[in-house]
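Source file: data11.pdb (PDB, C-alpha atoms)
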```pdb
ATOM      1  CA  MET A   1     -37.972  24.480 -11.804
ATOM      2  CA  ILE A   2     -35.042  22.105 -12.098
ATOM      3  CA  GLY A   3     -35.635  18.474 -11.337
ATOM      4  CA  ILE A   4     -32.865  16.626  -9.514
ATOM      5  CA  ALA A   5     -32.856  12.886  -9.458
ATOM      6  CA  LYS A   6     -32.598  11.364  -6.026
ATOM      7  CA  GLU A   7     -29.868   8.986  -7.285
ATOM      8  CA  SER A   8     -27.476  11.929  -7.727
ATOM      9  CA  PHE A   9     -27.377  12.366  -3.954
ATOM     10  CA  ALA A  10     -27.030   8.684  -3.171
ATOM     11  CA  PRO A  11     -23.719   7.632  -1.628
ATOM     12  CA  VAL A  12     -21.333   5.488  -3.608
ATOM     13  CA  PRO A  13     -22.216   1.828  -3.008
ATOM     14  CA  PHE A  14     -19.800   0.147  -0.621
ATOM     15  CA  ASP A  15     -18.990  -2.676  -3.059
ATOM     16  CA  SER A  16     -18.022  -0.168  -5.747
ATOM     17  CA  LEU A  17     -15.825   1.737  -3.312
ATOM     18  CA  ARG A  18     -14.211  -1.495  -2.097
ATOM     19  CA  GLN A  19     -13.481  -2.572  -5.680
ATOM     20  CA  ARG A  20     -11.797   0.765  -6.435
ATOM     21  CA  HIS A  21      -9.662   0.538  -3.294
ATOM     22  CA  ARG A  22      -8.735  -3.086  -4.051
ATOM     23  CA  ALA A  23      -7.677  -2.123  -7.578
ATOM     24  CA  THR A  24      -5.515   0.637  -6.114
ATOM     25  CA  ALA A  25      -4.055  -1.712  -3.504
ATOM     26  CA  GLU A  26      -3.177  -4.363  -6.082
ATOM     27  CA  GLY A  27      -1.307  -1.762  -8.104
ATOM     28  CA  LEU A  28       0.672  -0.557  -5.076
ATOM     29  CA  VAL A  29       1.950  -3.929  -3.807
ATOM     30  CA  PRO A  30       5.474  -3.493  -5.302
ATOM     31  CA  GLU A  31       5.776  -0.068  -3.698
ATOM     32  CA  ILE A  32       4.694  -1.196  -0.235
ATOM     33  CA  VAL A  33       6.951  -4.268  -0.338
ATOM     34  CA  PHE A  34       9.901  -2.040  -1.285
ATOM     35  CA  CYS A  35       9.043   0.382   1.552
ATOM     36  CA  LEU A  36       8.952  -2.502   4.024
ATOM     37  CA  CYS A  37      12.401  -3.513   2.810
ATOM     38  CA  LEU A  38      13.647   0.051   3.345
ATOM     39  CA  CYS A  39      12.250  -0.117   6.910
ATOM     40  CA  LYS A  40      14.507  -3.133   7.562
ATOM     41  CA  GLY A  41      11.455  -5.379   7.782
ATOM     42  CA  ILE A  42      13.514  -8.405   6.837
ATOM     43  CA  ARG A  43      14.067  -9.952  10.247
ATOM     44  CA  LYS A  44      11.894  -7.763  12.475
ATOM     45  CA  ASN A  45       8.281  -6.717  12.498
ATOM     46  CA  VAL A  46       7.673  -3.118  11.478
ATOM     47  CA  GLY A  47       4.643  -1.149  12.636
ATOM     48  CA  ILE A  48       2.245   0.389  10.170
ATOM     49  CA  GLU A  49       3.157   3.935  11.265
ATOM     50  CA  GLU A  50       6.804   3.378  10.329
ATOM     51  CA  ILE A  51       5.781   1.815   7.011
ATOM     52  CA  ALA A  52       3.463   4.782   6.379
ATOM     53  CA  ALA A  53       6.270   7.259   7.093
ATOM     54  CA  GLN A  54       8.612   5.453   4.690
ATOM     55  CA  ALA A  55       5.902   5.156   2.026
ATOM     56  CA  SER A  56       5.209   8.894   2.286
ATOM     57  CA  LEU A  57       8.907   9.649   1.774
ATOM     58  CA  THR A  58       9.536   7.142  -1.005
ATOM     59  CA  TYR A  59       6.247   7.509  -2.899
ATOM     60  CA  PRO A  60       4.787  10.882  -1.798
ATOM     61  CA  SER A  61       1.983  10.939  -4.363
ATOM     62  CA  ASP A  62       0.671   7.393  -3.771
ATOM     63  CA  PHE A  63      -0.025   6.733  -0.085
ATOM     64  CA  TYR A  64      -1.720   9.858   1.191
ATOM     65  CA  THR A  65      -5.141  11.315   1.780
ATOM     66  CA  TRP A  66      -6.369  14.780   2.715
ATOM     67  CA  VAL A  67      -7.688  15.628   6.171
ATOM     68  CA  ASP A  68      -8.660  19.221   6.960
ATOM     69  CA  GLY A  69      -6.679  20.440   3.970
ATOM     70  CA  GLU A  70      -3.487  18.616   5.008
ATOM     71  CA  SER A  71      -1.832  15.654   3.347
ATOM     72  CA  VAL A  72      -1.563  12.699   5.749
ATOM     73  CA  PRO A  73      -0.562   9.046   5.236
ATOM     74  CA  ASP A  74      -3.542   6.901   4.241
ATOM     75  CA  LEU A  75      -3.274   4.089   6.791
ATOM     76  CA  ALA A  76      -6.362   2.348   5.410
ATOM     77  CA  LEU A  77      -4.846   2.135   1.928
ATOM     78  CA  ILE A  78      -1.506   0.993   3.359
ATOM     79  CA  LEU A  79      -3.212  -1.717   5.434
ATOM     80  CA  LEU A  80      -5.262  -2.839   2.439
ATOM     81  CA  THR A  81      -2.097  -2.994   0.318
ATOM     82  CA  LEU A  82      -0.244  -4.974   3.008
ATOM     83  CA  ASN A  83      -3.171  -7.393   3.205
ATOM     84  CA  GLU A  84      -3.054  -7.783  -0.567
ATOM     85  CA  ALA A  85       0.705  -8.477  -0.378
ATOM     86  CA  ASN A  86      -0.111 -11.086   2.286
ATOM     87  CA  SER A  87      -2.736 -12.819   0.138
ATOM     88  CA  ALA A  88      -2.400 -16.503  -0.697
ATOM     89  CA  ASP A  89      -1.298 -15.876  -4.279
ATOM     90  CA  GLN A  90       1.435 -13.365  -3.376
ATOM     91  CA  ARG A  91       2.767 -14.014   0.166
ATOM     92  CA  TYR A  92       5.352 -11.224   0.048
ATOM     93  CA  VAL A  93       4.722 -10.157   3.646
ATOM     94  CA  ILE A  94       3.557 -11.693   6.904
ATOM     95  CA  GLY A  95       1.942  -9.838   9.749
ATOM     96  CA  ASP A  96      -1.027  -7.907  11.004
ATOM     97  CA  TRP A  97      -2.008  -4.516  12.363
ATOM     98  CA  SER A  98      -1.237  -5.273  15.999
ATOM     99  CA  HIS A  99       2.109  -7.098  15.696
ATOM    100  CA  GLY A 100       3.577  -5.393  12.629
ATOM    101  CA  TRP A 101       4.739  -6.732   9.278
ATOM    102  CA  HIS A 102       7.879  -8.319   7.849
ATOM    103  CA  LEU A 103       8.996  -9.653   4.485
ATOM    104  CA  THR A 104       9.063 -13.293   3.514
ATOM    105  CA  LYS A 105      11.994 -14.677   1.499
ATOM    106  CA  LYS A 106       9.838 -14.319  -1.603
ATOM    107  CA  GLY A 107       9.040 -10.742  -0.561
ATOM    108  CA  LEU A 108      12.714  -9.895  -0.083
ATOM    109  CA  ARG A 109      13.550 -11.164  -3.582
ATOM    110  CA  PHE A 110      10.617  -9.169  -4.954
ATOM    111  CA  ALA A 111      11.717  -6.005  -3.102
ATOM    112  CA  LYS A 112      15.266  -6.345  -4.446
ATOM    113  CA  ASP A 113      13.824  -6.695  -7.955
ATOM    114  CA  VAL A 114      11.718  -3.554  -7.437
ATOM    115  CA  GLU A 115      14.827  -1.732  -6.209
ATOM    116  CA  ARG A 116      16.831  -2.892  -9.230
ATOM    117  CA  ARG A 117      14.113  -1.713 -11.626
ATOM    118  CA  LYS A 118      13.810   1.609  -9.792
ATOM    119  CA  LEU A 119      17.565   2.213 -10.056
ATOM    120  CA  LYS A 120      17.524   1.244 -13.725
ATOM    121  CA  ILE A 121      14.726   3.737 -14.446
ATOM    122  CA  ARG A 122      16.474   6.461 -12.460
ATOM    123  CA  GLY A 123      19.728   5.778 -14.319
ATOM    124  CA  ASN A 124      18.127   6.233 -17.759
TER
END
```

How does the structure come out when it is put into structure tokens?
Amino acid sequence: MIGIAKESFAPVPFDSLRQRHRATAEGLVPEIVFCLCLCKGIRKNVGIEEIAAQASLTYPSDFYTWVDGESVPDLALILLTLNEANSADQRYVIGDWSHGWHLTKKGLRFAKDVERRKLKIRGN
């Protein structure tokens, strides 16, 4: 008879899952700020659905999850990344889920820098 430890069936602790998502979100801040710039989120608030659509087009392998075998935008990851970009040490975006998001002046400069680096990489 094979013995199976009960810990192997235990769900992943929430703190561990949250840390993994936060690490992913921190790494995706430049991408989400650039997507918000592409959505014309400079002077107007942009809803998360529009940001998700742009993120899926611009970075198809980064902002998605699977539901019933289909690839769909991961709104939770996008919201977490926007919140990270809105954190006190970054302040690239301002907004919330209900009113939408827009870039700050610092965020616009950062998005233009991301765009410049992206064009430079594509050119090489």

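Proximity ranking of A:Ala111, A:Cys37, A:Val93, A:Ala53 relative to Leu75 of chain A places A:Ala53 first, based on all atoms listed in the file.
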
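Among the candidate residues A:Trp101, A:Leu119, A:Val114, A:Arg109, the one lying nearest to Asn45 of chain A is A:Trp101, with distances computed using only C-alpha atoms.
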
Which residues would end up in the selection if the PyMOL selection byres ((chain A and resi 96) around 10) were applied here, given that I need the answer as a list of chain:residue names? A:Asn45, A:Val46, A:Gly47, A:Ile48, A:Leu79, A:Leu82, A:Asn83, A:Asn86, A:Val93, A:Ile94, A:Gly95, A:Trp97, A:Ser98, A:His99, A:Gly100, A:Trp101, A:His102

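If you measure from each of A:Ser61, A:Arg116, A:Gln54, A:Ser87 to Lys40 of chain A using all atoms listed in the file, the closest one turns out to be A:Gln54.
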
Taken to one decimal, the atom CA of Leu103 of chain A-atom CA of Gly41 of chain A distance is 5.9 Å

Do you know which residues are at most 10 Å from Asp62 of chain A counting all atoms listed in the file, after dropping those on the same chain fewer than 2 positions away, and could you put them as a list in words? Thr24, Leu28, Glu31, Ala55, Ser56, Thr58, Tyr59, Pro60, Tyr64, Thr65, Pro73, Asp74, Leu77 and Ile78 of chain A

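One distance worth recording is that between atom CA of Ala88 of chain A and atom CA of Val33 of chain A, which is 15.4 Å.
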
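Each of A:Val67, A:Leu38, A:Gln90, A:Val29 was checked against Lys112 of chain A using only C-alpha atoms; the smallest atom-to-atom distance is that of A:Leu38.
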
To one decimal place in Å, what is the distance between atom CA of Lys120 of chain A and atom CA of Glu50 of chain A? 26.4 Å

Taking into account all atoms listed in the file, which residue in the set A:Ser71, A:Phe63, A:Arg91, A:Ile51 is nearest to Leu108 of chain A? A:Arg91

What would segment 43-54 of chain A look like with all heavy atoms restored, written as a short mmCIF file (atom, residue, chain, number, x, y, z; two decimals), keeping the file's coordinate frame?
```cif
data_model
loop_
_atom_site.label_atom_id
_atom_site.label_comp_id
_atom_site.auth_asym_id
_atom_site.auth_seq_id
_atom_site.Cartn_x
_atom_site.Cartn_y
_atom_site.Cartn_z
N ARG A 43 14.00 -9.04 9.11
CA ARG A 43 14.07 -9.95 10.25
C ARG A 43 13.25 -9.48 11.45
O ARG A 43 13.17 -10.17 12.44
CB ARG A 43 15.51 -10.16 10.67
CG ARG A 43 16.36 -10.76 9.60
CD ARG A 43 17.64 -11.30 10.19
NE ARG A 43 18.53 -11.80 9.16
CZ ARG A 43 18.51 -13.02 8.67
NH1 ARG A 43 17.64 -13.87 9.11
NH2 ARG A 43 19.36 -13.38 7.74
N LYS A 44 12.69 -8.29 11.36
CA LYS A 44 11.89 -7.76 12.48
C LYS A 44 10.56 -7.25 11.96
O LYS A 44 10.42 -6.88 10.80
CB LYS A 44 12.64 -6.64 13.19
CG LYS A 44 12.82 -5.39 12.34
CD LYS A 44 13.37 -4.23 13.13
CE LYS A 44 13.39 -3.01 12.22
NZ LYS A 44 13.21 -1.78 12.93
N ASN A 45 9.59 -7.26 12.85
CA ASN A 45 8.28 -6.72 12.50
C ASN A 45 8.34 -5.20 12.55
O ASN A 45 8.95 -4.62 13.44
CB ASN A 45 7.21 -7.22 13.46
CG ASN A 45 6.84 -8.66 13.18
OD1 ASN A 45 7.26 -9.24 12.20
ND2 ASN A 45 6.06 -9.24 14.06
N VAL A 46 7.70 -4.57 11.58
CA VAL A 46 7.67 -3.12 11.48
C VAL A 46 6.23 -2.67 11.61
O VAL A 46 5.35 -3.21 10.94
CB VAL A 46 8.27 -2.66 10.13
CG1 VAL A 46 8.22 -1.15 10.01
CG2 VAL A 46 9.69 -3.17 9.96
N GLY A 47 5.99 -1.67 12.44
CA GLY A 47 4.64 -1.15 12.64
C GLY A 47 4.15 -0.36 11.43
O GLY A 47 4.94 0.16 10.63
N ILE A 48 2.84 -0.26 11.33
CA ILE A 48 2.24 0.39 10.17
C ILE A 48 2.58 1.88 10.11
O ILE A 48 2.70 2.45 9.03
CB ILE A 48 0.72 0.14 10.12
CG1 ILE A 48 0.18 0.50 8.74
CG2 ILE A 48 0.02 0.89 11.23
CD1 ILE A 48 -1.17 -0.05 8.44
N GLU A 49 2.80 2.52 11.27
CA GLU A 49 3.16 3.94 11.26
C GLU A 49 4.52 4.15 10.63
O GLU A 49 4.72 5.11 9.87
CB GLU A 49 3.15 4.51 12.69
CG GLU A 49 1.78 4.56 13.32
CD GLU A 49 1.37 3.25 13.98
OE1 GLU A 49 2.22 2.34 14.10
OE2 GLU A 49 0.19 3.13 14.36
N GLU A 50 5.47 3.27 10.93
CA GLU A 50 6.80 3.38 10.33
C GLU A 50 6.75 3.09 8.83
O GLU A 50 7.41 3.77 8.03
CB GLU A 50 7.77 2.41 11.02
CG GLU A 50 9.20 2.58 10.60
CD GLU A 50 10.17 1.67 11.34
OE1 GLU A 50 9.80 1.13 12.39
OE2 GLU A 50 11.29 1.49 10.84
N ILE A 51 5.95 2.12 8.44
CA ILE A 51 5.78 1.82 7.01
C ILE A 51 5.14 3.01 6.31
O ILE A 51 5.55 3.40 5.21
CB ILE A 51 4.93 0.54 6.81
CG1 ILE A 51 5.62 -0.67 7.43
CG2 ILE A 51 4.67 0.29 5.33
CD1 ILE A 51 4.74 -1.90 7.53
N ALA A 52 4.15 3.62 6.96
CA ALA A 52 3.46 4.78 6.38
C ALA A 52 4.43 5.95 6.20
O ALA A 52 4.40 6.64 5.18
CB ALA A 52 2.29 5.19 7.26
N ALA A 53 5.30 6.17 7.20
CA ALA A 53 6.27 7.26 7.09
C ALA A 53 7.23 7.01 5.93
O ALA A 53 7.52 7.93 5.14
CB ALA A 53 7.04 7.40 8.40
N GLN A 54 7.70 5.78 5.78
CA GLN A 54 8.61 5.45 4.69
C GLN A 54 7.91 5.55 3.34
O GLN A 54 8.47 6.05 2.37
CB GLN A 54 9.20 4.05 4.87
CG GLN A 54 10.22 3.66 3.84
CD GLN A 54 11.45 4.55 3.89
OE1 GLN A 54 12.06 4.71 4.94
NE2 GLN A 54 11.81 5.15 2.78
#
```
